[in-house]
Amino acid sequence: MYGLSFSERRVDSRPTAPRADIALFVGWCDWHASTRVDAELAAFSEQRLARTLAVGTPLPLDVPVPFDSWAQFDQAAHWRGRAVVGSVTRADASLGVAVRDFFANGGERCFIVLLGSPLAVGTVPSDPDAAFDRLLPAFVDRQRATWRGLAHVKALDEVALVLAPDLPDLVATGTEPLPPSRDEPDPPEVFIECATRPQPRTGDPGVLRLPAPRCDDDGYARWRRYAQRIGAFLAQHRRDCMALLALPLPARGARAGRDARNAVAGLNSSFVQVAYPWLRPVQPPRTAQGLVAPDGALAGLVAATCLAQGAFRTAAGRTPREVYDVEPLPPQRELVTPAAGTEVQAWTARLSLFAPRLGRIELLSDRTLSDRAGWRNAPVGRLMGQLLRLARDLGEALAFEAAGEALFAAIRRRFESLLTVLWQAGALRGANPAEAFGVRCDRSTMTRNDLDNGRVICLVEFAPAY
């Protein structure tokens, strides 16, 4: 005889915070001609971007495309076809190398926006301002279908990290000649019994013998202006995101060549992290001098830290994979713990610095460009970003609920549950939850005008442990 049966099922009531590891890469590269729009991407574009893509058509430029592995991107993008001036050799696109480093160092998901063929290796841009306007339009309106470049982040609620790997190429003002590399001549041809003929030494092949692009003081001024625009854009439109940028290499005679703090002088933004110096991989990619900008590796280390330990943990102390050296090597005074009272003057106070430590290359600091001591620690910004994304998710889920005590209590419970978990994990200071955070959402946080216009305001205070 049939009847009803009941089984008890345990439900995990631990609140989950929004992810803080998903990155957006925007830069110059091409899709393979064989890469096509699939049904999933077409539906995503229609729902999130208000743009119609026909299934089976070539993948267009300037459209964010999600990827969950390096193999997917490697198969879809023509990132190894960058032109080289005066040679039939092909180089690797800066964006492709950054995406590779992101996945190699622990990243698991990202969005890619390609803008077209990259600048040829060995040239400098003729109009960097126009190129940057393609990367980040000067004006961004409210219509999703018109968003371009970095502005696509407005439609990608899950993105927490923003990268522009081509920025050092846009501000490059020239190159410095490398010492010539010649093969050693063969020894004179003589007969020596049982001797072996020594092999000549070969120089670095192709693009590895080209000098990397570098910045003079005018180039660094342009880079600071671009970094400030990116930080201001995020502060206005996506306060839960952080830009990870690579500081360009200094040209001979540039003030930044003597002290990297000069390159970021005057910048004040908790939405921008700057990685320095550049990395030398064990297996060099096809880039000038075999050097790699450090922003992709930093994004991967940050993503891996967020996934394994939480967004409130620092990525400092982690080691980028398959990197054996940095260029240029930071001064020895910047590699030791600064004396009391001089911490603000150290490179590690303003930069996310890679340097040798105990026989390996290590990320020594995880910092933003903020002048405020608390916001200078990047994990604090990432924790704030998680709370902002949680507030947005709650707002979308409860948008049509009637304002009242039941709604206020539901919002308080969700924030208090998550903040309690963060306090227990060590993200917040305080001997008890009352000292670590406070959540208010009641009629004292809203005016009658707010309630009449459907606005519900929740005030959250917390003391981050950094």
# chains A, B, ... in the order shown; residues from 1 in each chain; ligands from 1
>>> select_by_dssp(residues="segment 187-331 of chain A", states="helix (DSSP H, G or I)", output="mmCIF file with all heavy atoms, in the first residue's frame")
data_model
loop_
_atom_site.group_PDB
_atom_site.id
_atom_site.type_symbol
_atom_site.label_atom_id
_atom_site.label_comp_id
_atom_site.auth_asym_id
_atom_site.auth_seq_id
_atom_site.Cartn_x
_atom_site.Cartn_y
_atom_site.Cartn_z
ATOM 1 N N GLY A 206 64.112 35.775 -31.910
ATOM 2 C CA GLY A 206 62.945 36.591 -32.228
ATOM 3 C C GLY A 206 62.673 37.725 -31.268
ATOM 4 O O GLY A 206 63.546 38.538 -30.948
ATOM 5 N N VAL A 207 61.428 37.781 -30.797
ATOM 6 C CA VAL A 207 60.958 38.917 -30.029
ATOM 7 C C VAL A 207 61.663 39.049 -28.689
ATOM 8 O O VAL A 207 61.700 40.141 -28.101
ATOM 9 C CB VAL A 207 59.432 38.801 -29.830
ATOM 10 C CG1 VAL A 207 59.101 37.656 -28.888
ATOM 11 C CG2 VAL A 207 58.831 40.093 -29.317
ATOM 12 N N LEU A 208 62.258 37.992 -28.180
ATOM 13 C CA LEU A 208 62.953 38.080 -26.899
ATOM 14 C C LEU A 208 64.152 39.016 -26.962
ATOM 15 O O LEU A 208 64.631 39.482 -25.929
ATOM 16 C CB LEU A 208 63.412 36.689 -26.448
ATOM 17 C CG LEU A 208 62.327 35.646 -26.225
ATOM 18 C CD1 LEU A 208 62.931 34.356 -25.699
ATOM 19 C CD2 LEU A 208 61.280 36.158 -25.250
ATOM 20 N N ARG A 209 64.630 39.321 -28.174
ATOM 21 C CA ARG A 209 65.765 40.221 -28.321
ATOM 22 C C ARG A 209 65.341 41.664 -28.513
ATOM 23 O O ARG A 209 66.177 42.547 -28.688
ATOM 24 C CB ARG A 209 66.638 39.786 -29.502
ATOM 25 C CG ARG A 209 67.382 38.489 -29.273
ATOM 26 C CD ARG A 209 68.208 38.528 -28.021
ATOM 27 N NE ARG A 209 69.115 39.666 -27.967
ATOM 28 C CZ ARG A 209 69.655 40.129 -26.842
ATOM 29 N NH1 ARG A 209 69.352 39.577 -25.687
ATOM 30 N NH2 ARG A 209 70.468 41.158 -26.881
ATOM 31 N N ASP A 217 59.198 60.464 -17.795
ATOM 32 C CA ASP A 217 58.355 61.158 -16.822
ATOM 33 C C ASP A 217 57.031 61.607 -17.423
ATOM 34 O O ASP A 217 55.993 61.577 -16.748
ATOM 35 C CB ASP A 217 59.107 62.354 -16.250
ATOM 36 C CG ASP A 217 60.255 61.933 -15.334
ATOM 37 O OD1 ASP A 217 60.137 60.850 -14.729
ATOM 38 O OD2 ASP A 217 61.250 62.668 -15.244
ATOM 39 N N ASP A 218 57.021 62.010 -18.699
ATOM 40 C CA ASP A 218 55.768 62.388 -19.350
ATOM 41 C C ASP A 218 54.854 61.176 -19.498
ATOM 42 O O ASP A 218 53.631 61.286 -19.341
ATOM 43 C CB ASP A 218 56.040 63.005 -20.714
ATOM 44 C CG ASP A 218 56.722 64.364 -20.613
ATOM 45 O OD1 ASP A 218 56.582 65.007 -19.550
ATOM 46 O OD2 ASP A 218 57.401 64.765 -21.577
ATOM 47 N N GLY A 219 55.435 60.021 -19.808
ATOM 48 C CA GLY A 219 54.630 58.807 -19.913
ATOM 49 C C GLY A 219 54.010 58.409 -18.585
ATOM 50 O O GLY A 219 52.855 57.971 -18.537
ATOM 51 N N TYR A 220 54.766 58.588 -17.505
ATOM 52 C CA TYR A 220 54.204 58.274 -16.188
ATOM 53 C C TYR A 220 53.096 59.249 -15.812
ATOM 54 O O TYR A 220 52.116 58.866 -15.153
ATOM 55 C CB TYR A 220 55.297 58.286 -15.127
ATOM 56 C CG TYR A 220 56.067 56.995 -15.057
ATOM 57 C CD1 TYR A 220 57.412 56.937 -15.393
ATOM 58 C CD2 TYR A 220 55.436 55.821 -14.674
ATOM 59 C CE1 TYR A 220 58.120 55.753 -15.336
ATOM 60 C CE2 TYR A 220 56.142 54.625 -14.612
ATOM 61 C CZ TYR A 220 57.477 54.590 -14.954
ATOM 62 O OH TYR A 220 58.162 53.417 -14.909
ATOM 63 N N ALA A 221 53.223 60.509 -16.216
ATOM 64 C CA ALA A 221 52.148 61.463 -15.956
ATOM 65 C C ALA A 221 50.874 61.043 -16.681
ATOM 66 O O ALA A 221 49.763 61.140 -16.143
ATOM 67 C CB ALA A 221 52.578 62.863 -16.392
ATOM 68 N N ARG A 222 51.030 60.562 -17.915
ATOM 69 C CA ARG A 222 49.866 60.076 -18.667
ATOM 70 C C ARG A 222 49.284 58.832 -17.994
ATOM 71 O O ARG A 222 48.062 58.690 -17.876
ATOM 72 C CB ARG A 222 50.270 59.762 -20.104
ATOM 73 C CG ARG A 222 49.094 59.427 -21.023
ATOM 74 C CD ARG A 222 49.602 59.008 -22.396
ATOM 75 N NE ARG A 222 50.411 60.040 -23.005
ATOM 76 C CZ ARG A 222 49.914 61.045 -23.729
ATOM 77 N NH1 ARG A 222 48.597 61.127 -23.903
ATOM 78 N NH2 ARG A 222 50.712 61.936 -24.278
ATOM 79 N N TRP A 223 50.148 57.922 -17.535
ATOM 80 C CA TRP A 223 49.675 56.712 -16.865
ATOM 81 C C TRP A 223 48.902 57.055 -15.595
ATOM 82 O O TRP A 223 47.868 56.457 -15.305
ATOM 83 C CB TRP A 223 50.866 55.809 -16.535
ATOM 84 C CG TRP A 223 50.482 54.553 -15.818
ATOM 85 C CD1 TRP A 223 50.073 53.371 -16.358
ATOM 86 C CD2 TRP A 223 50.454 54.368 -14.390
ATOM 87 N NE1 TRP A 223 49.794 52.461 -15.372
ATOM 88 C CE2 TRP A 223 50.008 53.038 -14.162
ATOM 89 C CE3 TRP A 223 50.752 55.179 -13.311
ATOM 90 C CZ2 TRP A 223 49.876 52.531 -12.869
ATOM 91 C CZ3 TRP A 223 50.614 54.679 -12.024
ATOM 92 C CH2 TRP A 223 50.183 53.373 -11.817
ATOM 93 N N ARG A 224 49.401 58.026 -14.817
ATOM 94 C CA ARG A 224 48.685 58.434 -13.599
ATOM 95 C C ARG A 224 47.307 58.992 -13.938
ATOM 96 O O ARG A 224 46.332 58.738 -13.223
ATOM 97 C CB ARG A 224 49.506 59.472 -12.832
ATOM 98 C CG ARG A 224 50.699 58.907 -12.099
ATOM 99 C CD ARG A 224 51.262 59.900 -11.102
ATOM 100 N NE ARG A 224 51.792 61.088 -11.771
ATOM 101 C CZ ARG A 224 53.036 61.211 -12.199
ATOM 102 N NH1 ARG A 224 53.901 60.215 -12.028
ATOM 103 N NH2 ARG A 224 53.445 62.315 -12.788
ATOM 104 N N ARG A 225 47.225 59.732 -15.034
ATOM 105 C CA ARG A 225 45.927 60.281 -15.436
ATOM 106 C C ARG A 225 44.966 59.162 -15.806
ATOM 107 O O ARG A 225 43.780 59.205 -15.449
ATOM 108 C CB ARG A 225 46.131 61.243 -16.616
ATOM 109 C CG ARG A 225 44.859 61.887 -17.126
ATOM 110 C CD ARG A 225 45.188 63.194 -17.834
ATOM 111 N NE ARG A 225 46.213 63.011 -18.842
ATOM 112 C CZ ARG A 225 45.976 62.649 -20.115
ATOM 113 N NH1 ARG A 225 44.720 62.430 -20.486
ATOM 114 N NH2 ARG A 225 46.941 62.530 -20.985
ATOM 115 N N TYR A 226 45.450 58.155 -16.515
ATOM 116 C CA TYR A 226 44.596 57.027 -16.887
ATOM 117 C C TYR A 226 44.176 56.227 -15.649
ATOM 118 O O TYR A 226 43.008 55.825 -15.513
ATOM 119 C CB TYR A 226 45.320 56.109 -17.871
ATOM 120 C CG TYR A 226 45.585 56.726 -19.222
ATOM 121 C CD1 TYR A 226 46.508 56.167 -20.103
ATOM 122 C CD2 TYR A 226 44.919 57.876 -19.638
ATOM 123 C CE1 TYR A 226 46.751 56.713 -21.343
ATOM 124 C CE2 TYR A 226 45.157 58.429 -20.888
ATOM 125 C CZ TYR A 226 46.083 57.846 -21.727
ATOM 126 O OH TYR A 226 46.324 58.396 -22.962
ATOM 127 N N ALA A 227 45.129 55.981 -14.743
ATOM 128 C CA ALA A 227 44.802 55.239 -13.518
ATOM 129 C C ALA A 227 43.783 56.000 -12.681
ATOM 130 O O ALA A 227 42.875 55.395 -12.086
ATOM 131 C CB ALA A 227 46.075 54.978 -12.714
ATOM 132 N N GLN A 228 43.905 57.321 -12.644
ATOM 133 C CA GLN A 228 42.946 58.126 -11.890
ATOM 134 C C GLN A 228 41.559 58.052 -12.513
ATOM 135 O O GLN A 228 40.551 57.971 -11.803
ATOM 136 C CB GLN A 228 43.425 59.573 -11.828
ATOM 137 C CG GLN A 228 42.606 60.466 -10.916
ATOM 138 C CD GLN A 228 43.226 61.837 -10.766
ATOM 139 O OE1 GLN A 228 44.101 62.231 -11.536
ATOM 140 N NE2 GLN A 228 42.788 62.581 -9.777
ATOM 141 N N ARG A 229 41.478 58.031 -13.836
ATOM 142 C CA ARG A 229 40.183 57.910 -14.500
ATOM 143 C C ARG A 229 39.528 56.568 -14.210
ATOM 144 O O ARG A 229 38.318 56.481 -13.987
ATOM 145 C CB ARG A 229 40.337 58.110 -16.009
ATOM 146 C CG ARG A 229 40.330 59.556 -16.457
ATOM 147 C CD ARG A 229 40.360 59.678 -17.949
ATOM 148 N NE ARG A 229 39.232 59.001 -18.603
ATOM 149 C CZ ARG A 229 39.069 58.936 -19.919
ATOM 150 N NH1 ARG A 229 39.961 59.503 -20.726
ATOM 151 N NH2 ARG A 229 38.034 58.318 -20.430
ATOM 152 N N ILE A 230 40.324 55.511 -14.203
ATOM 153 C CA ILE A 230 39.773 54.190 -13.906
ATOM 154 C C ILE A 230 39.263 54.145 -12.470
ATOM 155 O O ILE A 230 38.171 53.641 -12.187
ATOM 156 C CB ILE A 230 40.830 53.098 -14.155
ATOM 157 C CG1 ILE A 230 41.164 53.015 -15.659
ATOM 158 C CG2 ILE A 230 40.344 51.744 -13.652
ATOM 159 C CD1 ILE A 230 42.288 52.056 -15.977
ATOM 160 N N GLY A 231 40.057 54.671 -11.526
ATOM 161 C CA GLY A 231 39.623 54.685 -10.140
ATOM 162 C C GLY A 231 38.366 55.521 -9.934
ATOM 163 O O GLY A 231 37.465 55.122 -9.191
ATOM 164 N N ALA A 232 38.276 56.673 -10.607
ATOM 165 C CA ALA A 232 37.095 57.521 -10.479
ATOM 166 C C ALA A 232 35.865 56.847 -11.081
ATOM 167 O O ALA A 232 34.751 56.968 -10.551
ATOM 168 C CB ALA A 232 37.346 58.865 -11.154
ATOM 169 N N PHE A 233 36.060 56.120 -12.192
ATOM 170 C CA PHE A 233 34.938 55.400 -12.804
ATOM 171 C C PHE A 233 34.392 54.340 -11.855
ATOM 172 O O PHE A 233 33.182 54.214 -11.664
ATOM 173 C CB PHE A 233 35.388 54.770 -14.113
ATOM 174 C CG PHE A 233 34.388 53.818 -14.712
ATOM 175 C CD1 PHE A 233 33.295 54.287 -15.420
ATOM 176 C CD2 PHE A 233 34.538 52.442 -14.548
ATOM 177 C CE1 PHE A 233 32.367 53.414 -15.961
ATOM 178 C CE2 PHE A 233 33.611 51.561 -15.086
ATOM 179 C CZ PHE A 233 32.521 52.057 -15.797
ATOM 180 N N LEU A 234 35.282 53.573 -11.221
ATOM 181 C CA LEU A 234 34.829 52.546 -10.290
ATOM 182 C C LEU A 234 34.178 53.175 -9.057
ATOM 183 O O LEU A 234 33.185 52.653 -8.543
ATOM 184 C CB LEU A 234 35.997 51.654 -9.878
ATOM 185 C CG LEU A 234 36.620 50.797 -10.985
ATOM 186 C CD1 LEU A 234 37.799 49.996 -10.444
ATOM 187 C CD2 LEU A 234 35.594 49.858 -11.608
ATOM 188 N N ALA A 235 34.730 54.282 -8.578
ATOM 189 C CA ALA A 235 34.141 54.937 -7.410
ATOM 190 C C ALA A 235 32.729 55.420 -7.698
ATOM 191 O O ALA A 235 31.874 55.440 -6.808
ATOM 192 C CB ALA A 235 35.022 56.106 -6.976
ATOM 193 N N GLN A 236 32.457 55.789 -8.947
ATOM 194 C CA GLN A 236 31.128 56.291 -9.299
ATOM 195 C C GLN A 236 30.147 55.183 -9.636
ATOM 196 O O GLN A 236 28.977 55.240 -9.242
ATOM 197 C CB GLN A 236 31.240 57.257 -10.486
ATOM 198 C CG GLN A 236 29.891 57.835 -10.925
ATOM 199 C CD GLN A 236 30.024 58.789 -12.083
ATOM 200 O OE1 GLN A 236 31.131 59.063 -12.569
ATOM 201 N NE2 GLN A 236 28.901 59.311 -12.567
ATOM 202 N N HIS A 237 30.629 54.151 -10.356
ATOM 203 C CA HIS A 237 29.703 53.152 -10.899
ATOM 204 C C HIS A 237 29.801 51.780 -10.237
ATOM 205 O O HIS A 237 28.811 51.046 -10.215
ATOM 206 C CB HIS A 237 29.948 52.994 -12.408
ATOM 207 C CG HIS A 237 29.704 54.240 -13.195
ATOM 208 N ND1 HIS A 237 28.447 54.717 -13.461
ATOM 209 C CD2 HIS A 237 30.566 55.115 -13.765
ATOM 210 C CE1 HIS A 237 28.521 55.822 -14.183
ATOM 211 N NE2 HIS A 237 29.800 56.102 -14.367
ATOM 212 N N ARG A 255 62.404 59.706 -13.281
ATOM 213 C CA ARG A 255 62.455 59.766 -11.822
ATOM 214 C C ARG A 255 61.987 58.452 -11.209
ATOM 215 O O ARG A 255 62.481 58.030 -10.166
ATOM 216 C CB ARG A 255 61.590 60.910 -11.312
ATOM 217 C CG ARG A 255 62.078 62.290 -11.689
ATOM 218 C CD ARG A 255 61.098 63.342 -11.209
ATOM 219 N NE ARG A 255 60.960 63.296 -9.767
ATOM 220 C CZ ARG A 255 59.846 63.595 -9.124
ATOM 221 N NH1 ARG A 255 58.764 63.927 -9.804
ATOM 222 N NH2 ARG A 255 59.788 63.555 -7.799
ATOM 223 N N ALA A 256 61.007 57.804 -11.863
ATOM 224 C CA ALA A 256 60.515 56.531 -11.342
ATOM 225 C C ALA A 256 61.565 55.440 -11.419
ATOM 226 O O ALA A 256 61.465 54.432 -10.735
ATOM 227 C CB ALA A 256 59.268 56.095 -12.103
ATOM 228 N N GLY A 257 62.578 55.640 -12.267
ATOM 229 C CA GLY A 257 63.657 54.667 -12.311
ATOM 230 C C GLY A 257 64.488 54.681 -11.050
ATOM 231 O O GLY A 257 65.100 53.691 -10.681
ATOM 232 N N ARG A 258 64.488 55.828 -10.368
ATOM 233 C CA ARG A 258 65.226 55.931 -9.110
ATOM 234 C C ARG A 258 64.365 55.580 -7.906
ATOM 235 O O ARG A 258 64.869 55.062 -6.909
ATOM 236 C CB ARG A 258 65.784 57.345 -8.961
ATOM 237 C CG ARG A 258 66.723 57.768 -10.083
ATOM 238 C CD ARG A 258 67.393 59.084 -9.770
ATOM 239 N NE ARG A 258 66.433 60.174 -9.641
ATOM 240 C CZ ARG A 258 66.016 60.920 -10.656
ATOM 241 N NH1 ARG A 258 66.466 60.677 -11.879
ATOM 242 N NH2 ARG A 258 65.155 61.911 -10.456
ATOM 243 N N ALA A 260 60.241 54.238 -7.281
ATOM 244 C CA ALA A 260 58.934 53.926 -7.854
ATOM 245 C C ALA A 260 57.814 54.723 -7.201
ATOM 246 O O ALA A 260 56.735 54.853 -7.785
ATOM 247 C CB ALA A 260 58.646 52.427 -7.724
ATOM 248 N N ARG A 261 58.037 55.282 -6.000
ATOM 249 C CA ARG A 261 56.990 56.084 -5.374
ATOM 250 C C ARG A 261 56.671 57.326 -6.193
ATOM 251 O O ARG A 261 55.557 57.840 -6.149
ATOM 252 C CB ARG A 261 57.419 56.490 -3.964
ATOM 253 C CG ARG A 261 57.420 55.357 -2.958
ATOM 254 C CD ARG A 261 58.036 55.798 -1.650
ATOM 255 N NE ARG A 261 59.421 56.221 -1.840
ATOM 256 C CZ ARG A 261 60.227 56.571 -0.840
ATOM 257 N NH1 ARG A 261 59.781 56.557 0.388
ATOM 258 N NH2 ARG A 261 61.468 56.932 -1.072
ATOM 259 N N ASN A 262 57.666 57.810 -6.947
ATOM 260 C CA ASN A 262 57.416 58.989 -7.778
ATOM 261 C C ASN A 262 56.412 58.699 -8.882
ATOM 262 O O ASN A 262 55.711 59.598 -9.337
ATOM 263 C CB ASN A 262 58.725 59.483 -8.393
ATOM 264 C CG ASN A 262 59.696 59.976 -7.345
ATOM 265 O OD1 ASN A 262 59.298 60.560 -6.346
ATOM 266 N ND2 ASN A 262 60.978 59.721 -7.549
ATOM 267 N N ALA A 263 56.353 57.448 -9.327
ATOM 268 C CA ALA A 263 55.446 57.095 -10.423
ATOM 269 C C ALA A 263 53.992 57.141 -9.987
ATOM 270 O O ALA A 263 53.102 57.363 -10.817
ATOM 271 C CB ALA A 263 55.790 55.712 -10.969
ATOM 272 N N VAL A 264 53.714 56.919 -8.702
ATOM 273 C CA VAL A 264 52.332 56.917 -8.211
ATOM 274 C C VAL A 264 52.055 58.128 -7.326
ATOM 275 O O VAL A 264 51.015 58.192 -6.671
ATOM 276 C CB VAL A 264 52.026 55.615 -7.446
ATOM 277 C CG1 VAL A 264 52.145 54.414 -8.354
ATOM 278 C CG2 VAL A 264 52.954 55.460 -6.235
ATOM 279 N N ALA A 288 58.677 41.105 -25.447
ATOM 280 C CA ALA A 288 59.941 41.820 -25.504
ATOM 281 C C ALA A 288 60.752 41.551 -24.242
ATOM 282 O O ALA A 288 60.260 41.717 -23.129
ATOM 283 C CB ALA A 288 59.685 43.319 -25.668
ATOM 284 N N GLN A 289 61.980 41.089 -24.450
ATOM 285 C CA GLN A 289 62.902 40.721 -23.368
ATOM 286 C C GLN A 289 62.390 39.580 -22.501
ATOM 287 O O GLN A 289 62.984 39.264 -21.478
ATOM 288 C CB GLN A 289 63.215 41.932 -22.462
ATOM 289 C CG GLN A 289 64.046 43.003 -23.126
ATOM 290 C CD GLN A 289 64.404 44.105 -22.163
ATOM 291 O OE1 GLN A 289 63.983 45.235 -22.324
ATOM 292 N NE2 GLN A 289 65.194 43.795 -21.148
ATOM 293 N N GLY A 290 61.283 38.949 -22.877
ATOM 294 C CA GLY A 290 60.727 37.879 -22.079
ATOM 295 C C GLY A 290 60.135 38.342 -20.767
ATOM 296 O O GLY A 290 59.889 37.525 -19.877
ATOM 297 N N ASP A 295 50.404 42.323 -13.346
ATOM 298 C CA ASP A 295 48.999 42.459 -12.949
ATOM 299 C C ASP A 295 48.234 41.147 -13.056
ATOM 300 O O ASP A 295 47.386 40.844 -12.216
ATOM 301 C CB ASP A 295 48.310 43.559 -13.762
ATOM 302 C CG ASP A 295 48.546 43.420 -15.256
ATOM 303 O OD1 ASP A 295 49.401 42.605 -15.650
ATOM 304 O OD2 ASP A 295 47.885 44.140 -16.022
ATOM 305 N N GLY A 296 48.503 40.339 -14.092
ATOM 306 C CA GLY A 296 47.812 39.059 -14.232
ATOM 307 C C GLY A 296 48.138 38.110 -13.088
ATOM 308 O O GLY A 296 47.246 37.447 -12.535
ATOM 309 N N ALA A 297 49.433 38.026 -12.713
ATOM 310 C CA ALA A 297 49.820 37.158 -11.601
ATOM 311 C C ALA A 297 49.212 37.638 -10.290
ATOM 312 O O ALA A 297 48.750 36.840 -9.472
ATOM 313 C CB ALA A 297 51.341 37.097 -11.497
ATOM 314 N N LEU A 298 49.185 38.968 -10.077
ATOM 315 C CA LEU A 298 48.583 39.501 -8.855
ATOM 316 C C LEU A 298 47.105 39.148 -8.788
ATOM 317 O O LEU A 298 46.599 38.736 -7.729
ATOM 318 C CB LEU A 298 48.764 41.023 -8.806
ATOM 319 C CG LEU A 298 48.070 41.737 -7.645
ATOM 320 C CD1 LEU A 298 48.613 41.261 -6.303
ATOM 321 C CD2 LEU A 298 48.219 43.253 -7.772
ATOM 322 N N ALA A 299 46.391 39.273 -9.910
ATOM 323 C CA ALA A 299 44.966 38.931 -9.926
ATOM 324 C C ALA A 299 44.760 37.462 -9.593
ATOM 325 O O ALA A 299 43.830 37.101 -8.853
ATOM 326 C CB ALA A 299 44.357 39.258 -11.282
ATOM 327 N N GLY A 300 45.609 36.576 -10.113
ATOM 328 C CA GLY A 300 45.486 35.162 -9.806
ATOM 329 C C GLY A 300 45.741 34.862 -8.348
ATOM 330 O O GLY A 300 45.021 34.059 -7.725
ATOM 331 N N LEU A 301 46.765 35.499 -7.756
ATOM 332 C CA LEU A 301 47.056 35.280 -6.342
ATOM 333 C C LEU A 301 45.932 35.812 -5.455
ATOM 334 O O LEU A 301 45.571 35.175 -4.449
ATOM 335 C CB LEU A 301 48.380 35.956 -5.971
ATOM 336 C CG LEU A 301 49.638 35.419 -6.669
ATOM 337 C CD1 LEU A 301 50.857 36.217 -6.253
ATOM 338 C CD2 LEU A 301 49.847 33.944 -6.367
ATOM 339 N N VAL A 302 45.374 36.969 -5.814
ATOM 340 C CA VAL A 302 44.251 37.514 -5.041
ATOM 341 C C VAL A 302 43.044 36.593 -5.146
ATOM 342 O O VAL A 302 42.370 36.299 -4.148
ATOM 343 C CB VAL A 302 43.907 38.930 -5.534
ATOM 344 C CG1 VAL A 302 42.573 39.395 -4.962
ATOM 345 C CG2 VAL A 302 45.013 39.902 -5.145
ATOM 346 N N ALA A 303 42.751 36.115 -6.366
ATOM 347 C CA ALA A 303 41.608 35.212 -6.547
ATOM 348 C C ALA A 303 41.792 33.926 -5.751
ATOM 349 O O ALA A 303 40.857 33.432 -5.106
ATOM 350 C CB ALA A 303 41.425 34.904 -8.030
ATOM 351 N N ALA A 304 42.992 33.353 -5.789
ATOM 352 C CA ALA A 304 43.253 32.121 -5.044
ATOM 353 C C ALA A 304 43.096 32.337 -3.545
ATOM 354 O O ALA A 304 42.562 31.480 -2.830
ATOM 355 C CB ALA A 304 44.658 31.609 -5.362
ATOM 356 N N THR A 305 43.546 33.491 -3.043
ATOM 357 C CA THR A 305 43.400 33.797 -1.620
ATOM 358 C C THR A 305 41.932 33.935 -1.240
ATOM 359 O O THR A 305 41.489 33.421 -0.204
ATOM 360 C CB THR A 305 44.155 35.086 -1.281
ATOM 361 O OG1 THR A 305 45.534 34.947 -1.641
ATOM 362 C CG2 THR A 305 44.063 35.392 0.205
ATOM 363 N N CYS A 306 41.162 34.628 -2.073
ATOM 364 C CA CYS A 306 39.734 34.801 -1.784
ATOM 365 C C CYS A 306 39.013 33.463 -1.762
ATOM 366 O O CYS A 306 38.150 33.220 -0.908
ATOM 367 C CB CYS A 306 39.096 35.725 -2.826
ATOM 368 S SG CYS A 306 39.650 37.438 -2.744
ATOM 369 N N LEU A 307 39.359 32.566 -2.677
ATOM 370 C CA LEU A 307 38.680 31.281 -2.753
ATOM 371 C C LEU A 307 39.063 30.370 -1.586
ATOM 372 O O LEU A 307 38.226 29.649 -1.042
ATOM 373 C CB LEU A 307 39.022 30.589 -4.078
ATOM 374 C CG LEU A 307 38.400 31.203 -5.335
ATOM 375 C CD1 LEU A 307 39.028 30.597 -6.580
ATOM 376 C CD2 LEU A 307 36.900 31.004 -5.343
ATOM 377 N N ALA A 308 40.328 30.407 -1.186
ATOM 378 C CA ALA A 308 40.803 29.477 -0.161
ATOM 379 C C ALA A 308 40.599 29.991 1.258
ATOM 380 O O ALA A 308 40.305 29.211 2.172
ATOM 381 C CB ALA A 308 42.285 29.170 -0.389
#
>>> residues_around(residues="segment 325-329 of chain A", least_positions_apart="2", cutoff="6 Å", atoms="only C-alpha atoms", output="list in words")
Pro277, Trp278, Leu279 and Arg280 of chain A
>>> residues_around(residues="Gly56 of chain A", least_positions_apart="4", cutoff="12 Å", atoms="only C-alpha atoms", output="compact mmCIF listing (two decimals) with C-alpha atoms, in the first residue's frame")
# COMPACT_ATOMS: atom_id res chain seq x y z
CA ALA A 33 38.08 33.18 -37.04
CA SER A 34 36.57 29.81 -36.13
CA THR A 35 35.24 31.03 -32.76
CA ARG A 36 31.45 31.31 -32.91
CA VAL A 37 28.62 32.57 -30.74
CA ASP A 38 26.93 29.69 -28.90
CA ALA A 39 23.43 29.61 -27.45
CA GLU A 40 24.64 30.26 -23.90
CA LEU A 41 26.54 33.40 -24.88
CA ALA A 42 23.64 34.64 -27.01
CA PRO A 60 32.23 39.97 -32.13
>>> residues_around(residues="segment 431-442 of chain A", least_positions_apart="2", cutoff="7 Å", atoms="only C-alpha atoms", output="PyMOL selection string")
chain A and resi 408+412+416+420+423+428-429+444-445+457-463
>>> residues_around(residues="segment 345-350 of chain A", least_positions_apart="2", cutoff="9 Å", atoms="only C-alpha atoms", output="list in words")
Asp259, Ala260, Arg261, Val264, Gln273, Val274, Pro330, Arg333, Glu334, Leu335, Thr337, Pro338, Gly341, Thr342, Glu343, Ser352, Leu353, Leu364, Ser365, Asp366, Arg367, Thr368, Leu369, Ser370, Asp371, Arg376 and Asn377 of chain A
>>> atom_distance(atom1="atom CA of Ala409 of chain A", atom2="atom CA of Met384 of chain A")
21.8 Å
>>> select_by_dssp(residues="segment 335-463 of chain A", states="strand (DSSP E)", output="list in words")
Ser352, Leu353, Phe354, Ala355, Pro356, Arg357, Arg360, Ile361, Glu362, Leu363, Phe437, Gly438, Val439, Arg440, Leu459, Val460, Glu461 and Phe462 of chain A
